[in-house]
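**Student:** The structure is given below, and queries will be raised subsequently.
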Amino acid sequence: MKVHAILNRGGGTLRTMDLDVLSALIVDEFKLHGHEIDIDILTGDELIDRIRANARRNDLDVLMVGGGDGTVSAAAAAVAGTPVSLGVLPAGTMNLFARSLDIPMELEQAVRALANGRIVEVDIAAVNGEHFIHQFAVGLHARMVRTRDKLDYGSKVGKMWASVKAIVSATQSLPLVDLEIVIDGKRESIRTPAVAISNNIYGEGHLPFADDPQAGKLGVYLMRSTDRVAMLKMTMDMMRGAWKANKDLTVTEADSIRIVYGGRKTVKRAVMDGELKDLARVSDVTMHRRGLKVLVP
């Protein structure tokens, strides 16, 4: 295969690594298995521009990115529906999509596993045509990310601690959102502190990621309680994969979802794969079954 790798110099684990050593390992392992590979080490706006440019190439088999879920999501959106496959080196804080693909979390092991990997097709979801690989959320999650982004953190551990502080701060006064939500044609009006939609249903007993990336269904998570303590408990239950036992959370699977929002504030009121987004008045969420080609162990 012909592979182009892009490493996010500012992404999680990569911030503190010797990227020359990592690059040499990647080149050696992929060439050992007969692949042609070159590597860019980038950051900032240049990173996204280079991802998009490589996704349009007609001489490339795999675009591999090393970084967090935001970097991986941007690369997935760029290559979805194209002949180019996505390779994921887990170098972020949570690495949720890499976990769904059973990619080892230790970078050296991940490189070796992918160098001897194969191409498969997995699902990818979209909101109003914009692709996401993990989750689209409205309400508390957006407030949490807005709060976290105001905190200083310089490492993977620092970002995790900032996220914990942001969750506690965000639940002090719950954001209640009035929405009309249509799930596979069934309409409901709801006032809730949190709604989340996932690309395939989350597994149980672990961090919130899908066990089966080819299941072909959106996961819908509606928080029914407006109690602050209940909201904090639900957040912790989601993080440890105990969402089925939470009596205040309604979880269903769906093929399509429409969210209608009539609130005053729209700027940075939604989160897609960990990145803040403006919330549209109407958000149509769809599943694209087997719409993304990926390199897996």
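All residue names refer to the structure tokens as shown: chains lettered A, B, ... in order, residues numbered from 1 in each chain, ligands numbered from 1 in order.
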When you look at range 220-233 of chain A with a cut-off of 9 Å (counting only C-alpha atoms), what residues show up, excluding the ones that are within fewer than 4 positions of it in the same chain? I need them as a PyMOL selection string.
**Tutor:** chain A and resi 167-168+171-174+176+183+190-198+201+237-238+246-254+257
**Student:** Write down as an NGL selection string the residues of range 34-252 of chain A whose backbone DSSP state falls under strand (DSSP E).
**Tutor:** :A and (36-42 or 62-67 or 85-90 or 118-127 or 130-132 or 135-139 or 177-183 or 186-192 or 194-199 or 218-223 or 249-252)
**Student:** May I have the residues within 6 Å of range 50-61 of chain A as a PyMOL selection string, using only C-alpha atoms and disregarding those fewer than 4 positions away in the same chain?
**Tutor:** chain A and resi 1-3+78-79+84
**Student:** Export, as a JSON list (two decimals), in the first residue's frame, the selected residues with all heavy atoms.
**Tutor:**
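Output below, filename result_10.json:
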```json
[["chain", "number", "residue", "atom", "x", "y", "z"],
["A", 1, "MET", "N", 0.84, -1.19, 0.00],
["A", 1, "MET", "CA", 0.00, 0.00, 0.00],
["A", 1, "MET", "C", 0.88, 1.25, 0.00],
["A", 1, "MET", "O", 2.00, 1.24, 0.50],
["A", 1, "MET", "CB", -0.90, 0.03, 1.24],
["A", 1, "MET", "CG", -1.92, -1.10, 1.31],
["A", 1, "MET", "SD", -3.05, -0.92, 2.72],
["A", 1, "MET", "CE", -1.90, -1.07, 4.10],
["A", 2, "LYS", "N", 0.31, 2.33, -0.51],
["A", 2, "LYS", "CA", 0.95, 3.63, -0.40],
["A", 2, "LYS", "C", 0.29, 4.39, 0.74],
["A", 2, "LYS", "O", -0.93, 4.60, 0.73],
["A", 2, "LYS", "CB", 0.83, 4.40, -1.71],
["A", 2, "LYS", "CG", 1.64, 5.70, -1.71],
["A", 2, "LYS", "CD", 1.74, 6.30, -3.10],
["A", 2, "LYS", "CE", 2.65, 7.51, -3.09],
["A", 2, "LYS", "NZ", 2.83, 8.08, -4.45],
["A", 3, "VAL", "N", 1.09, 4.77, 1.73],
["A", 3, "VAL", "CA", 0.57, 5.36, 2.97],
["A", 3, "VAL", "C", 1.21, 6.72, 3.18],
["A", 3, "VAL", "O", 2.42, 6.90, 2.97],
["A", 3, "VAL", "CB", 0.90, 4.45, 4.18],
["A", 3, "VAL", "CG1", 0.31, 5.04, 5.46],
["A", 3, "VAL", "CG2", 0.40, 3.02, 3.95],
["A", 78, "ALA", "N", -12.71, 13.82, 6.09],
["A", 78, "ALA", "CA", -12.07, 14.14, 4.81],
["A", 78, "ALA", "C", -12.05, 12.95, 3.86],
["A", 78, "ALA", "O", -12.22, 13.11, 2.65],
["A", 78, "ALA", "CB", -10.65, 14.64, 5.05],
["A", 79, "VAL", "N", -11.86, 11.73, 4.40],
["A", 79, "VAL", "CA", -11.73, 10.56, 3.51],
["A", 79, "VAL", "C", -13.03, 9.79, 3.33],
["A", 79, "VAL", "O", -13.11, 8.91, 2.47],
["A", 79, "VAL", "CB", -10.63, 9.59, 4.02],
["A", 79, "VAL", "CG1", -9.29, 10.30, 4.12],
["A", 79, "VAL", "CG2", -11.00, 8.96, 5.36],
["A", 84, "VAL", "N", -9.71, 6.54, -0.38],
["A", 84, "VAL", "CA", -8.64, 6.56, 0.61],
["A", 84, "VAL", "C", -9.14, 6.00, 1.94],
["A", 84, "VAL", "O", -10.22, 6.37, 2.41],
["A", 84, "VAL", "CB", -8.10, 7.99, 0.81],
["A", 84, "VAL", "CG1", -6.98, 8.01, 1.86],
["A", 84, "VAL", "CG2", -7.58, 8.55, -0.51]]
```
**Student:** Would you mind listing what lies within 9 Å of Ala80 in chain A as a VMD selection string, with only C-alpha atoms counted and same-chain residues fewer than 2 positions away left out?
**Tutor:** chain A and resid 55 75 to 78 82 to 86 124 131 291 to 293
**Student:** For the atom pair CA of Gly67 in chain A and CA of Leu25 in chain A, what is the interatomic distance in Å to one decimal place?
**Tutor:**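 Those two atoms sit 16.4 Å apart.
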**Student:** Between A:Arg143, A:His35, A:His134, A:Arg258, which has the minimum distance to Met94 in chain A (counting only C-alpha atoms)?
**Tutor:**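 Ranking A:Arg143, A:His35, A:His134, A:Arg258 by distance to Met94 in chain A, first place goes to A:His134.
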**Student:** Determine which residues of range 82-292 of chain A receive a DSSP assignment of alpha helix (DSSP H), computed from the backbone, and state them as a compact mmCIF listing (two decimals) with N, CA and C atoms, in the first residue's frame.
**Tutor:**
```
# COMPACT_ATOMS: atom_id res chain seq x y z
N LEU A 96 -11.06 7.24 21.55
CA LEU A 96 -12.28 6.43 21.58
C LEU A 96 -12.51 5.67 20.28
N PHE A 97 -12.25 6.31 19.13
CA PHE A 97 -12.47 5.61 17.87
C PHE A 97 -11.44 4.50 17.68
N ALA A 98 -10.21 4.75 18.10
CA ALA A 98 -9.18 3.71 18.03
C ALA A 98 -9.58 2.50 18.86
N ARG A 99 -10.20 2.74 20.01
CA ARG A 99 -10.66 1.64 20.86
C ARG A 99 -11.74 0.83 20.14
N SER A 100 -12.65 1.52 19.44
CA SER A 100 -13.69 0.82 18.68
C SER A 100 -13.09 -0.10 17.62
N LEU A 107 1.58 3.22 21.57
CA LEU A 107 1.87 3.63 20.19
C LEU A 107 2.76 2.65 19.43
N GLU A 108 3.78 2.14 20.07
CA GLU A 108 4.67 1.21 19.37
C GLU A 108 3.91 -0.04 18.94
N GLN A 109 3.05 -0.56 19.81
CA GLN A 109 2.25 -1.73 19.46
C GLN A 109 1.25 -1.39 18.35
N ALA A 110 0.68 -0.18 18.41
CA ALA A 110 -0.28 0.23 17.38
C ALA A 110 0.39 0.30 16.01
N VAL A 111 1.60 0.85 15.95
CA VAL A 111 2.32 0.94 14.68
C VAL A 111 2.54 -0.44 14.10
N ARG A 112 3.00 -1.37 14.92
CA ARG A 112 3.28 -2.72 14.44
C ARG A 112 2.00 -3.44 13.99
N ALA A 113 0.90 -3.23 14.75
CA ALA A 113 -0.36 -3.88 14.40
C ALA A 113 -0.90 -3.35 13.08
N LEU A 114 -0.81 -2.03 12.85
CA LEU A 114 -1.35 -1.44 11.63
C LEU A 114 -0.48 -1.74 10.42
N ALA A 115 0.83 -1.85 10.63
CA ALA A 115 1.72 -2.16 9.50
C ALA A 115 1.40 -3.52 8.91
N LEU A 140 -25.33 19.83 28.35
CA LEU A 140 -24.26 19.85 29.33
C LEU A 140 -22.88 19.62 28.72
N HIS A 141 -22.79 18.71 27.75
CA HIS A 141 -21.48 18.41 27.17
C HIS A 141 -20.86 19.66 26.54
N ALA A 142 -21.68 20.48 25.88
CA ALA A 142 -21.16 21.71 25.28
C ALA A 142 -20.67 22.67 26.35
N ARG A 143 -21.42 22.79 27.44
CA ARG A 143 -20.96 23.66 28.53
C ARG A 143 -19.67 23.14 29.13
N MET A 144 -19.57 21.83 29.28
CA MET A 144 -18.36 21.24 29.84
C MET A 144 -17.14 21.55 28.98
N VAL A 145 -17.28 21.41 27.66
CA VAL A 145 -16.15 21.69 26.77
C VAL A 145 -15.80 23.17 26.78
N ARG A 146 -16.82 24.05 26.82
CA ARG A 146 -16.54 25.48 26.90
C ARG A 146 -15.76 25.81 28.17
N THR A 147 -16.14 25.16 29.27
CA THR A 147 -15.44 25.39 30.54
C THR A 147 -14.03 24.82 30.50
N ARG A 148 -13.89 23.60 29.97
CA ARG A 148 -12.56 22.96 29.90
C ARG A 148 -11.59 23.76 29.06
N LYS A 156 -1.49 15.13 28.54
CA LYS A 156 -2.64 14.23 28.52
C LYS A 156 -3.28 14.16 29.90
N VAL A 157 -2.47 14.02 30.94
CA VAL A 157 -2.99 13.97 32.31
C VAL A 157 -3.64 15.29 32.68
N GLY A 158 -3.00 16.39 32.26
CA GLY A 158 -3.56 17.71 32.54
C GLY A 158 -4.92 17.91 31.90
N LYS A 159 -5.08 17.41 30.68
CA LYS A 159 -6.38 17.54 30.00
C LYS A 159 -7.44 16.70 30.70
N MET A 160 -7.06 15.51 31.17
CA MET A 160 -8.02 14.67 31.89
C MET A 160 -8.46 15.35 33.17
N TRP A 161 -7.53 15.95 33.89
CA TRP A 161 -7.87 16.64 35.14
C TRP A 161 -8.74 17.87 34.84
N ALA A 162 -8.41 18.59 33.77
CA ALA A 162 -9.22 19.74 33.38
C ALA A 162 -10.64 19.31 33.03
N SER A 163 -10.79 18.14 32.41
CA SER A 163 -12.12 17.62 32.05
C SER A 163 -12.94 17.30 33.30
N VAL A 164 -12.29 16.71 34.31
CA VAL A 164 -12.98 16.41 35.56
C VAL A 164 -13.47 17.70 36.22
N LYS A 165 -12.60 18.70 36.29
CA LYS A 165 -12.98 19.98 36.89
C LYS A 165 -14.11 20.64 36.09
N ALA A 166 -14.06 20.50 34.77
CA ALA A 166 -15.10 21.10 33.93
C ALA A 166 -16.45 20.42 34.13
N ILE A 167 -16.45 19.10 34.32
CA ILE A 167 -17.70 18.37 34.56
C ILE A 167 -18.34 18.84 35.86
N VAL A 168 -17.54 18.92 36.93
CA VAL A 168 -18.04 19.35 38.23
C VAL A 168 -18.58 20.77 38.14
N SER A 169 -17.83 21.65 37.47
CA SER A 169 -18.26 23.04 37.34
C SER A 169 -19.54 23.15 36.51
N ALA A 170 -19.62 22.41 35.41
CA ALA A 170 -20.77 22.50 34.52
C ALA A 170 -22.06 22.01 35.16
N ARG A 228 -29.35 18.08 39.67
CA ARG A 228 -27.91 18.23 39.49
C ARG A 228 -27.15 16.97 39.90
N VAL A 229 -27.51 16.37 41.03
CA VAL A 229 -26.83 15.17 41.50
C VAL A 229 -27.07 14.01 40.53
N ALA A 230 -28.31 13.90 40.04
CA ALA A 230 -28.62 12.84 39.08
C ALA A 230 -27.83 13.02 37.79
N MET A 231 -27.64 14.29 37.38
CA MET A 231 -26.87 14.55 36.17
C MET A 231 -25.41 14.16 36.35
N LEU A 232 -24.85 14.47 37.51
CA LEU A 232 -23.46 14.11 37.78
C LEU A 232 -23.29 12.59 37.81
N LYS A 233 -24.28 11.90 38.40
CA LYS A 233 -24.22 10.44 38.44
C LYS A 233 -24.33 9.85 37.03
N MET A 234 -25.20 10.41 36.21
CA MET A 234 -25.34 9.93 34.85
C MET A 234 -24.03 10.09 34.08
N THR A 235 -23.37 11.22 34.26
CA THR A 235 -22.10 11.47 33.58
C THR A 235 -21.07 10.43 33.98
N MET A 236 -20.99 10.15 35.27
CA MET A 236 -20.04 9.14 35.74
C MET A 236 -20.41 7.74 35.24
N ASP A 237 -21.71 7.44 35.19
CA ASP A 237 -22.16 6.14 34.69
C ASP A 237 -21.80 5.97 33.21
N MET A 238 -21.94 7.04 32.43
CA MET A 238 -21.58 6.97 31.02
C MET A 238 -20.08 6.71 30.86
N MET A 239 -19.27 7.35 31.68
CA MET A 239 -17.82 7.21 31.54
C MET A 239 -17.34 5.81 31.90
```
**Student:** Which distance in Å separates CA of Met287 in chain A and CA of Glu204 in chain A, to one decimal?
**Tutor:**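 Straight-line distance from CA of Met287 in chain A to CA of Glu204 in chain A works out to 21.4 Å.
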**Student:** From the list A:Gly44, A:Ile181, A:Ala215, A:Ala74, which residue is nearest Gly274 in chain A when using only C-alpha atoms?
**Tutor:**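 Distance minimum relative to Gly274 in chain A lands on A:Ala74.
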**Student:** Considering only C-alpha atoms, state which residue in the set A:His4, A:Arg15, A:Arg187, A:Arg289 is at the smallest distance from Glu36 in chain A.
**Tutor:**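 Ranked by minimum distance to Glu36 in chain A, first place goes to A:His4.
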**Student:** Could you tell me how far CA of Ala137 in chain A sits from CA of Gly11 in chain A, in Å to one decimal place?
**Tutor:**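 So the two atoms, CA of Gly11 in chain A and CA of Ala137 in chain A, lie 22.5 Å apart.
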**Student:** Please determine, counting only C-alpha atoms, which residue among A:Gly70, A:Gly87, A:Gly139, A:Gly34 has the shortest atom-to-atom distance to Lys268 in chain A.
**Tutor:** A:Gly139
**Student:** Using only C-alpha atoms, pick whichever of A:Lys186, A:Val21, A:Val177, A:Leu276 has the shortest atom-to-atom distance to Arg264 in chain A.
**Tutor:** A:Val177
